[in-house]
>>> print(open('start.cif').read())   # mmCIF, C-alpha atoms
data_structure
#
loop_
_atom_site.label_atom_id
_atom_site.label_comp_id
_atom_site.auth_asym_id
_atom_site.auth_seq_id
_atom_site.Cartn_x
_atom_site.Cartn_y
_atom_site.Cartn_z
CA MET Q 1 8.70 56.46 16.92
CA THR Q 2 10.24 57.67 13.66
CA ARG Q 3 13.40 55.68 14.31
CA PHE Q 4 11.32 52.61 15.04
CA TRP Q 5 9.48 52.88 11.70
CA LEU Q 6 12.63 53.67 9.73
CA PHE Q 7 14.32 50.63 11.23
CA PHE Q 8 11.33 48.44 10.37
CA VAL Q 9 11.21 49.72 6.77
CA ALA Q 10 14.98 49.26 6.38
CA LYS Q 11 14.77 45.67 7.64
CA VAL Q 12 11.95 44.82 5.19
CA LEU Q 13 13.85 46.41 2.27
CA VAL Q 14 17.02 44.47 3.06
CA LEU Q 15 15.13 41.19 3.51
CA VAL Q 16 13.22 41.63 0.23
CA LEU Q 17 16.55 42.20 -1.54
CA VAL Q 18 18.06 39.13 0.13
CA PHE Q 19 15.07 37.07 -0.98
CA ALA Q 20 15.48 38.35 -4.56
CA LEU Q 21 19.07 37.05 -4.46
CA VAL Q 22 18.15 33.58 -3.19
CA ALA Q 23 14.87 33.31 -5.15
CA PRO Q 24 16.41 31.30 -8.03
CA VAL Q 25 17.14 28.55 -5.47
CA ILE Q 26 14.00 28.83 -3.32
CA LEU Q 27 11.29 29.32 -5.95
CA PRO Q 28 11.92 26.12 -7.97
CA PHE Q 29 11.75 24.14 -4.72
CA TYR Q 30 8.59 25.96 -3.59
CA CYS Q 31 6.90 25.46 -6.97
CA GLY Q 32 7.99 21.81 -7.13
CA LEU Q 33 6.35 21.31 -3.75
CA GLN Q 34 3.13 22.83 -5.11
CA ILE Q 35 3.17 20.49 -8.10
CA GLY Q 36 3.70 17.48 -5.83
CA LEU Q 37 0.85 18.50 -3.56
CA ILE Q 38 -1.69 19.36 -6.25
CA ARG Q 39 -1.00 16.56 -8.73
CA PRO Q 40 -3.33 14.02 -7.04
CA PHE Q 41 -6.25 16.47 -7.38
CA VAL Q 42 -5.75 17.33 -11.05
CA SER Q 43 -7.53 15.53 -13.89
CA SER Q 44 -5.49 12.79 -15.56
CA ASP Q 45 -5.84 14.66 -18.91
CA LEU Q 46 -3.53 17.34 -17.58
CA ALA Q 47 0.22 17.25 -17.05
CA LEU Q 48 2.08 19.62 -14.72
CA ARG Q 49 5.63 20.62 -15.59
CA LEU Q 50 8.17 22.53 -13.54
CA GLN Q 51 10.37 24.88 -15.56
CA PRO Q 52 14.02 25.42 -14.54
CA ASP Q 53 13.23 28.94 -13.26
CA GLY Q 54 10.40 27.60 -11.08
CA SER Q 55 7.45 28.46 -13.35
CA ILE Q 56 4.61 25.95 -13.41
CA TYR Q 57 3.22 24.94 -16.80
CA VAL Q 58 0.00 22.94 -17.03
CA HIS Q 59 -0.91 21.41 -20.39
CA TYR Q 60 -3.27 18.85 -21.83
CA LYS Q 61 -1.53 15.59 -22.59
CA GLY Q 62 -0.64 15.52 -26.27
CA HIS Q 63 -0.76 19.33 -26.54
CA PRO Q 64 2.68 20.86 -26.10
CA LYS Q 65 1.40 24.42 -25.59
CA PRO Q 66 0.72 25.09 -21.90
CA ALA Q 67 -2.87 25.87 -20.96
CA VAL Q 68 -1.96 27.49 -17.65
CA GLU Q 69 1.31 29.30 -17.06
CA ARG Q 70 2.02 30.23 -13.47
CA GLU Q 71 5.25 32.21 -13.64
CA ALA Q 72 7.71 31.73 -10.78
CA THR Q 73 7.54 35.44 -10.11
CA SER Q 74 3.83 35.10 -9.25
CA PHE Q 75 5.17 33.76 -5.97
CA SER Q 76 7.26 36.84 -5.17
CA GLY Q 77 4.75 37.46 -2.37
CA LEU Q 78 6.55 34.70 -0.46
CA GLY Q 79 9.58 36.99 -0.18
CA LEU Q 80 7.49 39.90 1.06
CA MET Q 81 5.75 37.74 3.64
CA LEU Q 82 9.03 36.29 4.94
CA ALA Q 83 10.47 39.81 5.14
CA LEU Q 84 7.47 41.15 7.03
CA PHE Q 85 7.46 38.33 9.58
CA LEU Q 86 11.23 38.48 10.11
CA ALA Q 87 11.17 42.26 10.49
CA THR Q 88 8.30 42.28 12.98
CA PRO Q 89 9.76 42.89 16.42
CA LEU Q 90 8.32 39.94 18.32
CA PRO Q 91 10.34 37.48 20.43
CA TRP Q 92 12.24 35.17 18.08
CA GLN Q 93 10.48 31.98 19.06
CA ARG Q 94 7.06 33.51 18.44
CA ARG Q 95 8.28 35.21 15.28
CA LEU Q 96 9.54 31.92 13.82
CA ALA Q 97 6.39 30.04 14.86
CA ARG Q 98 4.26 32.61 13.06
CA LEU Q 99 6.60 32.59 10.09
CA GLY Q 100 6.09 28.81 9.78
CA LEU Q 101 2.34 29.13 10.13
CA GLY Q 102 2.27 32.01 7.65
CA THR Q 103 4.30 30.07 5.10
CA LEU Q 104 1.87 27.15 5.38
CA ALA Q 105 -1.09 29.53 4.93
CA LEU Q 106 0.52 31.13 1.86
CA LEU Q 107 1.29 27.70 0.40
CA GLY Q 108 -2.37 26.82 0.98
CA PHE Q 109 -3.44 29.97 -0.89
CA HIS Q 110 -1.05 29.26 -3.77
CA LEU Q 111 -2.38 25.69 -4.03
CA ILE Q 112 -5.98 26.92 -4.12
CA ALA Q 113 -5.01 29.58 -6.69
CA LEU Q 114 -3.26 27.03 -8.91
CA GLY Q 115 -6.18 24.60 -8.58
CA GLY Q 116 -8.58 27.47 -9.34
CA LEU Q 117 -6.67 28.54 -12.44
CA ILE Q 118 -6.59 24.97 -13.73
CA ALA Q 119 -10.35 24.60 -13.07
CA ILE Q 120 -11.08 27.95 -14.81
CA TRP Q 121 -9.04 26.96 -17.84
CA ASP Q 122 -10.59 23.51 -17.97
CA ALA Q 123 -14.13 24.94 -17.79
CA MET Q 124 -13.25 27.49 -20.47
CA PHE Q 125 -11.74 24.80 -22.69
CA LYS Q 126 -14.79 22.57 -22.36
CA SER Q 127 -17.41 25.31 -22.80
CA GLY Q 128 -15.48 27.11 -25.54
CA GLY Q 129 -15.69 30.56 -23.90
CA ILE Q 130 -15.17 32.50 -20.73
CA SER Q 131 -18.13 33.47 -18.55
CA PHE Q 132 -18.38 36.42 -16.18
CA GLU Q 133 -18.01 34.10 -13.16
CA LEU Q 134 -14.79 32.66 -14.53
CA ARG Q 135 -13.42 36.13 -15.20
CA TRP Q 136 -14.38 37.13 -11.67
CA ALA Q 137 -12.68 34.08 -10.16
CA TYR Q 138 -9.59 34.84 -12.24
CA MET Q 139 -9.60 38.44 -11.02
CA LEU Q 140 -9.93 37.31 -7.40
CA ILE Q 141 -6.91 35.05 -7.79
CA ALA Q 142 -4.95 37.92 -9.37
CA SER Q 143 -5.90 40.22 -6.47
CA GLY Q 144 -5.12 37.42 -4.01
CA ASP Q 145 -1.57 37.11 -5.34
CA TRP Q 146 -0.98 40.71 -4.26
CA LEU Q 147 -3.02 40.56 -1.11
CA ALA Q 148 -2.32 37.14 0.46
CA PRO Q 149 1.18 37.83 1.85
CA VAL Q 150 0.18 41.03 3.66
CA ALA Q 151 -3.20 39.68 4.76
CA ILE Q 152 -1.56 36.60 6.30
CA TRP Q 153 1.03 38.76 8.03
CA GLY Q 154 -1.71 41.07 9.24
CA ALA Q 155 -3.77 38.20 10.61
CA LEU Q 156 -0.92 36.33 12.26
CA GLY Q 157 1.64 38.99 13.02
CA TYR Q 158 0.61 42.56 13.31
CA GLY Q 159 -3.06 43.07 12.56
CA ARG Q 160 -4.34 41.02 15.47
CA LYS Q 161 -2.39 43.06 17.95
CA GLU Q 162 -3.27 46.37 16.36
CA LEU Q 163 -6.95 45.58 16.32
CA ALA Q 164 -6.81 44.14 19.81
CA TYR Q 165 -5.51 47.54 20.91
CA ALA Q 166 -8.32 49.21 19.02
CA THR Q 167 -10.81 46.98 20.85
CA GLN Q 168 -9.20 47.87 24.16
CA MET Q 169 -9.34 51.55 23.27
CA ARG Q 170 -13.03 51.42 22.49
CA THR Q 171 -13.92 49.62 25.68
CA SER Q 172 -11.53 51.10 28.25
CA LYS Q 173 -10.64 54.50 26.69
CA SER Q 174 -7.18 54.10 28.20
CA THR Q 175 -3.99 55.53 26.75
CA PRO Q 176 -3.53 54.29 23.18
CA PRO Q 177 -0.50 52.23 22.28
CA ALA Q 178 2.51 53.81 20.67
CA ALA Q 179 4.54 52.09 18.01
CA SER Q 180 7.17 51.47 20.67
CA ASP Q 181 4.76 49.24 22.63
CA TRP Q 182 4.80 46.91 19.70
CA ARG Q 183 8.47 46.17 20.39
CA SER Q 184 7.74 44.58 23.69
CA GLY Q 185 6.08 41.75 21.89
CA GLY Q 186 2.88 40.46 22.50
CA ILE Q 187 -0.32 38.89 22.08
CA MET X 1 -41.22 0.86 39.87
CA ALA X 2 -37.90 1.58 41.58
CA ARG X 3 -36.09 0.92 38.29
CA LYS X 4 -38.40 3.40 36.52
CA LYS X 5 -37.65 6.06 39.14
CA HIS X 6 -33.93 5.46 38.82
CA LYS X 7 -34.16 5.77 35.04
CA HIS X 8 -36.08 9.02 35.37
CA LYS X 9 -33.41 10.42 37.74
CA GLU X 10 -30.66 9.43 35.32
CA GLN X 11 -32.50 11.14 32.47
CA SER X 12 -32.98 14.39 34.35
CA ALA X 13 -29.30 14.37 35.37
CA LEU X 14 -28.35 13.97 31.71
CA GLU X 15 -30.69 16.80 30.74
CA GLN X 16 -29.13 19.02 33.39
CA LYS X 17 -25.64 18.19 32.10
CA PHE X 18 -26.72 18.94 28.55
CA ASP X 19 -28.28 22.27 29.63
CA ALA X 20 -25.09 23.22 31.47
CA PHE X 21 -23.02 22.33 28.41
CA VAL X 22 -25.22 24.42 26.09
CA THR X 23 -25.20 27.36 28.52
CA SER X 24 -21.42 27.30 28.88
CA ALA X 25 -20.95 26.99 25.10
CA VAL X 26 -23.25 29.96 24.46
CA THR X 27 -21.45 31.99 27.14
CA ARG X 28 -18.10 31.13 25.61
CA VAL X 29 -19.25 32.16 22.11
CA GLN X 30 -20.69 35.40 23.54
CA ASP X 31 -17.44 36.11 25.41
CA PHE X 32 -15.40 35.41 22.28
CA TRP X 33 -17.65 37.71 20.25
CA GLN X 34 -17.44 40.49 22.87
CA ARG X 35 -13.65 40.24 22.99
CA ASN X 36 -13.11 40.00 19.23
CA LYS X 37 -16.06 41.64 17.55
CA LEU X 38 -14.07 44.63 16.29
CA ILE X 39 -11.39 42.38 14.86
CA ILE X 40 -13.92 40.07 13.22
CA ARG X 41 -15.90 43.03 11.88
CA ALA X 42 -12.76 44.71 10.52
CA TRP X 43 -11.56 41.57 8.73
CA THR X 44 -15.05 40.90 7.36
CA VAL X 45 -15.35 44.46 6.02
CA PHE X 46 -11.84 44.18 4.58
CA ALA X 47 -12.69 40.93 2.76
CA LEU X 48 -15.99 42.36 1.51
CA MET X 49 -14.29 45.52 0.28
CA ILE X 50 -11.69 43.50 -1.64
CA GLY X 51 -14.51 41.44 -3.18
CA ALA X 52 -16.46 44.59 -4.03
CA PHE X 53 -13.45 46.37 -5.55
CA THR X 54 -12.55 43.30 -7.60
CA THR X 55 -16.12 43.05 -8.93
CA LEU X 56 -16.27 46.79 -9.65
CA LEU X 57 -12.94 46.68 -11.43
CA LEU X 58 -14.09 43.75 -13.56
CA PHE X 59 -17.32 45.56 -14.50
CA LEU X 60 -15.40 48.75 -15.32
CA ASN X 61 -12.86 46.86 -17.40
CA LEU X 62 -15.53 44.96 -19.31
CA TYR X 63 -17.99 47.78 -19.98
CA THR X 64 -15.97 51.01 -19.94
CA GLY X 65 -12.43 49.97 -20.88
CA PHE X 66 -11.20 51.35 -17.56
CA ASP X 67 -8.01 49.24 -17.61
CA ALA X 68 -7.00 50.63 -21.02
CA TRP X 69 -7.63 54.18 -19.77
CA LEU X 70 -5.66 53.53 -16.57
CA ASN X 71 -2.75 52.09 -18.54
CA ARG X 72 -2.72 55.14 -20.83
CA VAL X 73 -2.82 57.57 -17.88
CA THR X 74 0.02 55.69 -16.13
CA ALA X 75 2.01 55.76 -19.38
CA LEU X 76 1.46 59.53 -19.68
CA MET X 77 2.56 60.11 -16.07
CA LEU X 78 5.67 57.99 -16.56
CA ALA X 79 6.53 59.76 -19.82
CA GLY X 80 6.10 63.11 -18.04
CA ALA X 81 8.38 62.05 -15.19
CA LEU X 82 11.03 60.80 -17.63
CA TRP X 83 10.78 64.02 -19.60
CA LEU X 84 11.32 66.02 -16.38
CA LEU X 85 14.41 63.91 -15.68
CA GLY X 86 15.77 64.72 -19.13
CA ALA X 87 15.25 61.25 -20.63
CA ASN X 88 12.89 62.46 -23.40
CA GLY X 89 9.95 60.35 -22.26
CA GLN X 90 7.08 59.96 -24.72
CA ALA X 91 3.85 58.01 -24.43
CA ILE X 92 2.24 56.50 -27.52
CA GLY X 93 -0.91 54.85 -26.20
CA THR X 94 0.32 52.49 -23.51
CA VAL X 95 3.89 52.31 -24.82
CA VAL X 96 6.45 54.58 -23.18
CA THR X 97 9.62 55.33 -25.08
CA SER X 98 12.64 57.33 -23.95
CA LYS X 99 16.26 57.61 -24.85
CA ILE X 100 17.17 55.15 -22.09
CA PHE X 101 14.51 52.41 -22.20
CA SER X 102 11.08 51.55 -23.60
CA ALA X 103 8.23 49.49 -22.16
CA GLU X 104 4.54 48.82 -22.47
CA ILE X 105 2.34 49.62 -19.49
CA ILE X 106 -0.07 46.85 -18.48
CA THR X 107 -2.56 46.70 -15.61
CA GLU X 108 0.01 45.22 -13.21
CA CYS X 109 2.23 48.28 -13.82
CA THR X 110 -0.49 50.61 -12.54
CA ALA X 111 -1.13 51.19 -8.85
CA ILE X 112 -4.61 49.66 -8.95
CA PHE X 113 -3.93 46.57 -6.79
CA PRO X 114 -1.95 48.39 -4.05
CA LEU X 115 -4.66 51.09 -4.06
CA MET X 116 -7.36 48.45 -3.62
CA ILE X 117 -5.55 46.97 -0.61
CA PHE X 118 -4.91 50.39 0.95
CA LEU X 119 -8.49 51.61 0.48
CA ALA X 120 -9.99 48.37 1.81
CA ALA X 121 -7.70 48.51 4.86
CA VAL X 122 -8.52 52.17 5.62
CA ILE X 123 -12.26 51.62 5.24
CA ALA X 124 -12.21 48.44 7.35
CA TYR X 125 -10.13 49.77 10.25
CA PRO X 126 -12.27 50.96 13.19
CA SER X 127 -12.09 54.75 13.04
CA GLY X 128 -14.23 57.78 12.23
CA TRP X 129 -15.20 58.75 8.66
CA LYS X 130 -13.22 62.00 8.79
CA LYS X 131 -10.06 60.08 9.63
CA LYS X 132 -10.78 57.60 6.86
CA LEU X 133 -11.23 60.47 4.42
CA TRP X 134 -7.87 61.97 5.45
CA GLY X 135 -6.28 58.55 4.97
CA ILE X 136 -7.71 58.26 1.47
CA LEU X 137 -6.89 61.86 0.50
CA LEU X 138 -3.25 61.51 1.55
CA GLY X 139 -2.68 57.80 0.91
CA VAL X 140 -3.90 57.57 -2.68
CA PRO X 141 -1.53 60.25 -4.09
CA ALA X 142 1.30 58.79 -1.98
CA ILE X 143 0.81 55.33 -3.50
CA LEU X 144 0.53 56.80 -7.02
CA PHE X 145 3.78 58.69 -6.39
CA VAL X 146 5.63 55.60 -5.14
CA ASN X 147 4.38 53.67 -8.17
CA LEU X 148 5.76 56.39 -10.41
CA ILE X 149 9.11 56.13 -8.61
CA ARG X 150 8.95 52.36 -9.16
CA LEU X 151 8.41 52.76 -12.91
CA VAL X 152 11.07 55.45 -13.33
CA THR X 153 13.67 53.45 -11.38
CA LEU X 154 12.83 50.38 -13.47
CA PHE X 155 13.55 52.37 -16.63
CA TYR X 156 16.94 53.39 -15.24
CA ILE X 157 17.66 49.83 -14.03
CA GLY X 158 16.75 48.57 -17.52
CA TYR X 159 19.27 51.06 -18.97
CA TRP X 160 22.12 50.69 -16.48
CA PHE X 161 21.76 47.07 -15.29
CA PRO X 162 19.67 45.20 -17.90
CA SER X 163 20.67 41.81 -16.45
CA VAL X 164 18.88 42.49 -13.15
CA PHE X 165 15.84 44.19 -14.69
CA GLU X 166 13.52 41.17 -14.35
CA THR X 167 14.54 40.55 -10.74
CA ALA X 168 14.06 44.20 -9.83
CA HIS X 169 10.77 44.36 -11.72
CA LEU X 170 9.06 41.18 -10.54
CA LEU X 171 10.72 40.19 -7.30
CA VAL X 172 11.76 43.43 -5.63
CA TRP X 173 9.47 46.25 -6.74
CA GLN X 174 6.32 44.14 -6.96
CA SER X 175 6.78 43.24 -3.28
CA LEU X 176 7.80 46.74 -2.29
CA ILE X 177 4.82 48.50 -3.84
CA ILE X 178 2.48 46.34 -1.74
CA PHE X 179 4.69 46.93 1.29
CA PHE X 180 4.41 50.69 0.76
CA ALA X 181 0.61 50.41 0.59
CA VAL X 182 0.65 48.61 3.95
CA LEU X 183 3.22 51.04 5.35
CA PHE X 184 1.06 54.05 4.44
CA TRP X 185 -1.86 52.34 6.15
CA LEU X 186 0.24 51.74 9.29
CA ILE X 187 1.38 55.38 9.26
CA TRP X 188 -2.24 56.49 8.90
CA VAL X 189 -3.24 54.31 11.87
CA GLU X 190 -0.37 55.67 13.96
CA LEU X 191 -0.72 59.36 13.03
CA PHE X 192 -4.43 59.81 12.52
CA VAL X 193 -6.27 57.10 14.43
CA HIS X 194 -4.15 56.59 17.56
CA ARG X 195 -2.89 60.15 17.89
CA GLY X 196 -6.43 61.39 17.39
CA ARG X 197 -7.55 59.21 20.28
CA VAL X 198 -4.93 60.77 22.57
CA SER X 199 -6.21 64.26 21.89
CA HIS X 200 -9.81 63.23 22.54
CA ALA X 201 -9.03 61.38 25.77
#
>>> encode(input="start.cif", output="C-alpha cells")
Amino acid sequence: MTRFWLFFVAKVLVLVLVFALVAPVILPFYCGLQIGLIRPFVSSDLALRLQPDGSIYVHYKGHPKPAVEREATSFSGLGLMLALFLATPLPWQRRLARLGLGTLALLGFHLIALGGLIAIWDAMFKSGGISFELRWAYMLIASGDWLAPVAIWGALGYGRKELAYATQMRTSKSTPPAASDWRSGGI
Amino acid sequence: MARKKHKHKEQSALEQKFDAFVTSAVTRVQDFWQRNKLIIRAWTVFALMIGAFTTLLLFLNLYTGFDAWLNRVTALMLAGALWLLGANGQAIGTVVTSKIFSAEIITECTAIFPLMIFLAAVIAYPSGWKKKLWGILLGVPAILFVNLIRLVTLFYIGYWFPSVFETAHLLVWQSLIIFFAVLFWLIWVELFVHRGRVSHA
C-alpha cells in the first residue's frame, strides 16, 4: 500500500513539474481560447486582451487601465488536474477520456469565473461600491480556483469510485477495498 | 356507438401506457437514489461546507480582521522557521525579512484554502464523528506544516534560483499545497475509515 501511494505522489509531483515547464506555451493558448469563447457574451463596452504570458486583461474601451486582471497563474489548477488524471491508475483509454472530460469541465469553470469577475466589476463600476453579495461571489470564485481541479478529478476520476465503495460497504458490510484494488481500474 | 367504444378503448390504452411510463420512471429514480444516495449526500455536504466556510471567512475578514491576523501568524511562523534554519528570520507585521530573502505574506500564502478543502472533504465523507475528529486533529497541523515547508523552500528558491521563483511559487507550490490537502484526506480515508471498517467487521 505504501509503495502504491508513494508511486502515485511521485507521479503527480513529476507531472506538476513538467506542466510548470510547458506552461509558458500552454497557458497563452488556454487563455486565448477562453477569450474567444467568452467574447460574444461580454458587453460591447469592454475589451478583452491577452497578454504575452497568458494573463487576461479586461478593460473599458477608452480606459487603458484594466478593470479585471486574470493572471495566467490563476489557471495553474489546470496543471494539477492534468497531473491527477494522468497519475490515476485507470486503463489508459478511460484515463484519457476522463482527462478530456475534466479539461472541458475546468474550462467551463474558468469561463464562468471570468464571466463572473467581469459581471462583479461591471456592477461595482456602475453602482460605485462593492456589496456583500459581490464580495461573496468574488470569494467563491477565489475558492473555486483552488477547489475546481481537485473537485473535478474527484467527481470524474477517484471520488466516484471511493464513494461507491463506501456505499457498498454500508449496504453489504463486505471486505473494504484496499488502495491496491484501485489499480485494477474500475467503475 | 362503435366508434365511441373504440375511442374509449384507445384512451384507456394510452392511460395505461402513461401509468406504466410514470411507474417505471419513478422506479428508476428510486433505484438511482438507492444506489447513489451516499455519493450524492457526500457531494452535497461538501458543496455546502465550502459555501459555509467561504461565507464564514468573508464575515470574519470583514468584521474581525481575521485575514490580517492569519497573515501575521503565518509571517511569525515563517520567521521562526527561518530563524531555526539560521537565516535570521524576522516578522514585522505581515512582512518577513531574513538574510536570504524577504516577502510579504498575503491570504493566498496562508493555508486557509487548502484547510477549507480538507475540512469540507473530511466532514462530507461518510464516516463516524470520532474518525472525522481524528482526521481534523491530525490533518490540520499536517497541512499547516506543509505550508510552512512551502514558504521556507520558496525563500531559499528566491535566494538560490531567483529566475524560477515565480514558477515555483505560482505554478508548482500552489498546485502542490492543494494536492497535499487531498493526499492527507486520501490517507485519512485509507487509514482511519477503511481500516476501521476492517476491525469492526
>>> closest_residue(input="start.cif", among="X:Leu76, X:Ala121, X:Val189, X:Leu176", to="Q:Ala151", atoms="all atoms listed in the file")
X:Ala121
>>> resolve_selection(input="start.cif", expression="the PyMOL selection byres ((chain X and resi 52) around 12)", output="list in words")
Trp136, Met139, Leu140 and Ser143 of chain Q; Val45, Phe46, Ala47, Leu48, Met49, Ile50, Gly51, Phe53, Thr54, Thr55, Leu56, Leu57, Leu58, Phe59, Met116, Ile117, Leu119 and Ala120 of chain X
>>> closest_residue(input="start.cif", among="Q:Arg94, Q:Ser55, Q:Leu78, Q:Phe29", to="chain X", atoms="all atoms listed in the file")
Q:Leu78
>>> closest_residue(input="start.cif", among="X:Ile136, X:Ala42, X:Leu151, X:Val146", to="X:Glu104", atoms="all atoms listed in the file")
X:Leu151
>>> interface_residues(input="start.cif", of="chain Q", to="chain X", cutoff="6 Å", atoms="all atoms listed in the file", output="PyMOL selection string")
chain Q and resi 20+73+76+80+163
>>> closest_residue(input="start.cif", among="X:Leu138, X:Leu144, X:Val152, X:Ile123", to="X:Ser98", atoms="only C-alpha atoms")
X:Val152
>>> atom_distance(input="start.cif", atom1="atom CA of Q:Arg98", atom2="atom CA of Q:Phe85")
7.4 Å
>>> resolve_selection(input="start.cif", expression="the PyMOL selection byres ((chain Q and resi 39) around 12)", output="VMD selection string")
chain Q and resid 32 to 38 40 to 50 56 58 111 114 to 115 118
>>> residues_around(input="start.cif", residues="X:Thr110", least_positions_apart="3", cutoff="10 Å", atoms="only C-alpha atoms", output="list in words")
Asp67, Leu70, Asn71, Arg72, Val73, Thr74, Ala75, Ile105, Ile106, Thr107, Phe113, Pro114, Leu115, Leu144, Asn147, Leu148 and Leu151 of chain X
>>> closest_residue(input="start.cif", among="X:Trp185, X:Ala81, X:Gly93, X:Gly139", to="Q:Val150", atoms="only C-alpha atoms")
X:Trp185
>>> atom_distance(input="start.cif", atom1="atom CA of X:Ala91", atom2="atom CA of Q:Glu71")
28.0 Å
>>> closest_residue(input="start.cif", among="X:Phe32, X:Phe118, X:Trp160, X:Trp134", to="Q:Trp146", atoms="only C-alpha atoms")
X:Phe118
